[in-house]
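The block underneath contains the structure these notes are about, expressed in structure tokens.
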Amino acid sequence: MKKFLCLVSAILLLTLCACGGSIGTPKRTAVTSTERQFASPAEGDTIAIFTTTQGEIRAVLYPDAAPMAVYNFAGLARLGYYDDTVFWRTQYGFAVQGGDATGTGTGGSTIWSNNPYPAEIDPALKHYAGALCAAIATGGEKTGGNSQFYFVQALPDSVDSAQQQELAQNGYTQEQIDAYAAAGGLPYLDNTDTVFGQVYEGLSVVDKLASVKTIESEDGSDTCRPFDSGDVTIEHITIAAYPGPTAEELAAQWAADSTDNNAVG
């Protein structure tokens, strides 16, 4: 247990020092792995298509592993809850977080009249780069998930050989260790936060979001909050069955919907 705590401390120190601001995006290579999160989605799998001001992100969802997280996220997305909201936290080398309609990181709701839901930890799903995760709300008795989520934006070299050895000593399989070594990630969150999806297309867009200019506090430290919210806006999240509509088809549908709404108005 002490060795695992050392891993936690080492990675936490790196991430706390890695807030971004107009940073170049990292170079990533395709990861070959037997781990579920690196497999291509199957026909009919549930996917989420994030249309953002930096481009499009596509993630496959795992309702079998995290049913409450997926049901809540997909339900809110279909209601338009996430439309025109922002990624309020863009921390380079760590995560890009959004889903709070207030844009502050202190709010959020659920599909269940704002009642939180518990963490859903599946040992087969890990916090590799590109993982889509439920953020846990805390405060009073309101401890659990809400509408907020984040993409893991860890860098490819974020889990070094020493940390890999510690993972092995803590029961990780060789496949999981190899995946962390190749993709990077945040293994210290594996037993605390819910992984309910994985980016399969558009991880470069996540990197762009994490690289935007951020605001400094009065003491010169980085707040990891975007300088311009227009750079990190979620225009819409579409829930579909894989392979889903193309970007062009989505744009055409929105244009048609806009025309219909204007005609009604």
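In the structure tokens, each chain is lettered A, B, ... as it comes, each chain's residues begin at 1, and ligands are numbered from 1 in order of appearance.
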**Report entry** strand (DSSP E or B) positions in range 80-215 of chain A, given as a ChimeraX atom specification
**Finding:** /A:85-86,89-91,95-98,117,128,131-137,144-152,185,194-201,214-215
Report task. Tell me which protein, DNA and RNA residues are within 8 Å of range 123-128 of chain A, counting only C-alpha atoms, leaving out same-chain ones fewer than 2 positions away, and put them as a ChimeraX atom specification. Result -> /A:35-37,121,130-131,152,154,179-180,183-187,189-190,195
File of the preceding selection, N, CA and C atoms, as a short mmCIF file (atom, residue, chain, number, x, y, z; two decimals), in the first residue's frame:
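Contents of the output file out.cif:
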```cif
data_model
loop_
_atom_site.label_atom_id
_atom_site.label_comp_id
_atom_site.auth_asym_id
_atom_site.auth_seq_id
_atom_site.Cartn_x
_atom_site.Cartn_y
_atom_site.Cartn_z
N GLU A 35 -6.76 -4.28 -24.44
CA GLU A 35 -7.68 -3.66 -23.49
C GLU A 35 -8.92 -3.12 -24.22
N ARG A 36 -10.06 -3.25 -23.58
CA ARG A 36 -11.34 -2.88 -24.19
C ARG A 36 -11.35 -1.47 -24.72
N GLN A 37 -10.74 -0.55 -24.02
CA GLN A 37 -10.83 0.87 -24.38
C GLN A 37 -10.09 1.22 -25.67
N ILE A 121 -17.33 1.50 -10.38
CA ILE A 121 -15.94 1.14 -10.66
C ILE A 121 -15.89 -0.24 -11.32
N GLY A 130 -7.75 9.75 -22.92
CA GLY A 130 -8.95 9.63 -23.74
C GLY A 130 -10.14 9.03 -23.01
N ALA A 131 -9.95 8.58 -21.78
CA ALA A 131 -11.08 8.04 -21.03
C ALA A 131 -12.09 9.15 -20.74
N VAL A 152 -9.73 12.39 -19.79
CA VAL A 152 -8.34 12.29 -19.35
C VAL A 152 -7.44 12.77 -20.49
N ALA A 154 -3.96 12.99 -20.10
CA ALA A 154 -2.59 12.67 -19.69
C ALA A 154 -1.70 12.48 -20.91
N ALA A 179 -0.64 -0.72 -21.64
CA ALA A 179 -1.53 0.31 -22.18
C ALA A 179 -1.24 1.66 -21.54
N TYR A 180 -1.02 1.67 -20.23
CA TYR A 180 -0.67 2.92 -19.55
C TYR A 180 0.67 3.46 -20.07
N ALA A 183 -0.15 4.79 -23.80
CA ALA A 183 -1.12 5.88 -23.96
C ALA A 183 -0.94 6.98 -22.94
N GLY A 184 -0.40 6.66 -21.77
CA GLY A 184 -0.40 7.59 -20.66
C GLY A 184 -1.73 7.53 -19.94
N GLY A 185 -1.78 8.11 -18.77
CA GLY A 185 -3.04 8.09 -18.03
C GLY A 185 -2.89 8.52 -16.59
N LEU A 186 -3.95 8.34 -15.84
CA LEU A 186 -4.01 8.75 -14.44
C LEU A 186 -4.46 7.56 -13.59
N PRO A 187 -3.57 6.58 -13.36
CA PRO A 187 -3.99 5.36 -12.66
C PRO A 187 -4.44 5.58 -11.23
N LEU A 189 -6.61 7.45 -10.20
CA LEU A 189 -8.04 7.69 -10.16
C LEU A 189 -8.87 6.43 -10.44
N ASP A 190 -8.19 5.31 -10.71
CA ASP A 190 -8.91 4.10 -11.12
C ASP A 190 -9.91 3.59 -10.09
N VAL A 195 -15.22 5.48 -14.98
CA VAL A 195 -14.94 5.55 -16.41
C VAL A 195 -16.18 5.02 -17.12
#
```
Query raised in the report: Counting only C-alpha atoms, what is within 6 Å of range 235-249 of chain A, bar same-chain residues fewer than 4 positions away, as an MDAnalysis selection string?
Result: chainID A and resid 43:52 77 83:84
Requested in this report: Write out as a list in words which residues come within 10 Å of Ser40 in chain A when counting only C-alpha atoms, dropping same-chain ones fewer than 4 positions away.
Outcome: Arg36, Val60, Tyr200 and Glu201 of chain A
Please produce a file of those selected residues containing C-alpha atoms, as a PDB file, in the first residue's frame.
```
ATOM      1  CA  ARG A  36     -11.337  -2.885 -24.190  1.00  0.00           C
ATOM      2  CA  VAL A  60     -17.971   5.053 -27.211  1.00  0.00           C
ATOM      3  CA  TYR A 200     -12.014   6.652 -30.321  1.00  0.00           C
ATOM      4  CA  GLU A 201     -11.836   9.670 -32.628  1.00  0.00           C
TER       5      GLU A 201
END
```
Query raised in the report: Hey, which of A:Tyr71, A:Leu167, A:Arg89, A:Glu56 ends up closest to Ile215 in chain A? Count only C-alpha atoms.
Result: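 Among the listed residues, A:Arg89 lies closest to Ile215 in chain A.
For the pair CA of Ser211 in chain A and CA of Ser158 in chain A, the interatomic distance is 16.6 Å.
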Query raised in the report: Contacts of Ser229 in chain A at 12 Å or less, counting only C-alpha atoms, minus same-chain residues fewer than 4 places along, as an MDAnalysis selection string?
Result: chainID A and resid 52:54 84:90 98 103:104 209 212:215 225 233:235
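The smallest atom-to-atom distance between Val232 in chain A and any of A:Asp178, A:Glu218, A:Glu166, A:Asp207, using only C-alpha atoms, is found for A:Asp207.
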Report task. Please indicate the distance in Å from CA of Thr25 in chain A to CA of Ala210 in chain A, rounded to one decimal place. Result ->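 Atom-to-atom, CA of Thr25 in chain A to CA of Ala210 in chain A, that is 8.3 Å.
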